[in-house]
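As structure tokens, the structure follows; a few thoughts come after it.
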Amino acid sequence: MRHGLLLTVLLAATVTGPGAHARAMPDPSQTPAPGNEVPQIPLSRAGYGPAVNYQLQCAGCHLSEGQGAPRNDVPRMTGFVGNFLRVEGGREFLVRVPGVSQSALGDDQLAELLNWILDRDGMAGTSTPEDAAPYTAAEVTRIRATRLNNLPDTRAHLIRRMHDQGIAIHDGMPHEDLLDNNDNGDSQ
């Protein structure tokens with residue numbers, strides 16, 4: 001008897017609680033809040049240039065000038081990111097980084113953004129090889145289709161390849177396994 005009464009009380013509390021009064025269906029006569037009358041345009045169709053797309057898609061982690069945030073495991077891109085194009089697998093890695101491959105940008109926008117980041121007169125500077133081919137939308141489509149399963153290990157492997165080629169590792173990240181003298185990754 002007590003269990004039946006307890007069940008009845010719990011059921012009654014559930015049915016009469018605040019959740020029971022929530023609308024299950026939106027009110028068809030409800031109008032958008034002021035300023036939201038026009039539906040938002042998806043980022044892939046917004047037509048922003050690469051500088052704006054960088055601020056919207058990358059700067060939240062890599063910061064406005066690509067300086068990174070090592071305390072949050074976000075490497076510096078400024079003056080370094082182009083080095084990935086110098087090692088086997090690095091070009092593909094830049095497209096497969098989750099924040100890149102899973103961004104809301106279309107493949108053509110993503111190719112344009114990567115080319116903007118890797119421009120020798122821009123963020124990557126001379127870290128980008130002079131003969132580096134620009135990304136194409138078709139290339140980004142092909143590479144983006146394969147997910148990166150282990151970001152830390154893949155990146156560490158590529159950094160090791162750079163180090164083995166004599167490339168200075170100055171991405172702001174700790175690389176105790178590569179560098180001597182307690183260097184924190186800022187060596188030039």
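Just so we're on the same page: first chain in the structure tokens is A, next is B, and so on; residues restart at 1 for each chain, and ligands are numbered from 1 in the order they show up.
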
Just list as a VMD selection string whatever in chain A DSSP marks as alpha helix (DSSP H). chain A and resid 2 to 16 50 to 57 59 to 62 90 to 96 98 to 101 107 to 118 137 to 144 151 to 164

Contacts of A:Asp108 at 8 Å (only C-alpha atoms; same-chain gap of 4+ positions) as a PyMOL selection string: chain A and resi 112+136-138+140

Interatomic distance between atom CA of A:Ser127 and atom CA of A:Ala145? 26.7 Å

List as an NGL selection string the protein and nucleic acid residues near stretch 114-125 of chain A, meaning an atom at most 8 Å away when only C-alpha atoms are counted, but skip any in the same chain fewer than 5 places from it. :A and (50-51 or 65-66 or 77-82 or 130 or 134-135)

List the neighbours of A:Asn150 out to 12 Å using only C-alpha atoms; skip same-chain residues closer than 5 positions along the sequence, and give me the result as a ChimeraX atom specification. /A:93,96-98,155-157

Produce a file of the selected residues containing C-alpha atoms, as a PDB file, in the first residue's frame.
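Output (result_13.pdb):
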ATOM      1  CA  PHE A  93      47.264  17.256 -41.069  1.00  0.00           C
ATOM      2  CA  ARG A  96      42.321  17.244 -40.676  1.00  0.00           C
ATOM      3  CA  VAL A  97      42.799  19.205 -37.442  1.00  0.00           C
ATOM      4  CA  PRO A  98      39.316  18.930 -35.887  1.00  0.00           C
ATOM      5  CA  ARG A 155      51.118  16.229 -34.295  1.00  0.00           C
ATOM      6  CA  ALA A 156      53.966  14.892 -32.152  1.00  0.00           C
ATOM      7  CA  HIS A 157      55.040  12.606 -35.014  1.00  0.00           C
TER       8      HIS A 157
END

Report as JSON lines the residues of stretch 73-103 of chain A within 10 Å of stretch 162-169 of chain A, each with its shortest atom pair and distance in Å (one decimal), using only C-alpha atoms, ordered by chain and increasing residue number.
{"residue": "A:Phe80", "atom": "CA", "partner": "A:Ile169", "partner_atom": "CA", "distance": 7.8}
{"residue": "A:Asn83", "atom": "CA", "partner": "A:Met162", "partner_atom": "CA", "distance": 7.4}
{"residue": "A:Phe84", "atom": "CA", "partner": "A:Met162", "partner_atom": "CA", "distance": 7.8}
{"residue": "A:Leu85", "atom": "CA", "partner": "A:Met162", "partner_atom": "CA", "distance": 9.9}
{"residue": "A:Arg86", "atom": "CA", "partner": "A:Met162", "partner_atom": "CA", "distance": 7.5}
{"residue": "A:Val87", "atom": "CA", "partner": "A:Met162", "partner_atom": "CA", "distance": 6.4}
{"residue": "A:Glu88", "atom": "CA", "partner": "A:Met162", "partner_atom": "CA", "distance": 9.6}
{"residue": "A:Gly90", "atom": "CA", "partner": "A:Met162", "partner_atom": "CA", "distance": 9.7}

Determine, counting only C-alpha atoms, which protein, DNA and RNA residues have an atom within 10 Å of an atom of A:Thr146; residues of the same chain fewer than 2 positions away are not included. Present the result as a ChimeraX atom specification. /A:92,95-96,101,141-144,148-149

Export of prior selection with C-alpha atoms as an mmCIF file, in the first residue's frame:
data_model
loop_
_atom_site.group_PDB
_atom_site.id
_atom_site.type_symbol
_atom_site.label_atom_id
_atom_site.label_comp_id
_atom_site.auth_asym_id
_atom_site.auth_seq_id
_atom_site.Cartn_x
_atom_site.Cartn_y
_atom_site.Cartn_z
ATOM 1 C CA GLU A 92 46.972 16.682 -44.821
ATOM 2 C CA VAL A 95 43.128 20.078 -43.090
ATOM 3 C CA ARG A 96 42.321 17.244 -40.676
ATOM 4 C CA SER A 101 37.832 19.752 -40.748
ATOM 5 C CA THR A 141 37.178 17.874 -49.971
ATOM 6 C CA ARG A 142 39.313 14.755 -50.434
ATOM 7 C CA ILE A 143 41.422 15.251 -47.283
ATOM 8 C CA ARG A 144 38.549 16.404 -45.091
ATOM 9 C CA LEU A 148 42.035 12.492 -37.735
ATOM 10 C CA ASN A 149 41.871 9.842 -35.027
#

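Across the structure, atom CA of A:Ser103 and atom CA of A:Asp153 are spaced 21.5 Å apart.
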
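Distance annotation: of A:Ala111, A:Leu94, A:Met25, A:Ala104, the residue with the minimal separation from A:Gln57 is A:Ala104; atom set is only C-alpha atoms.
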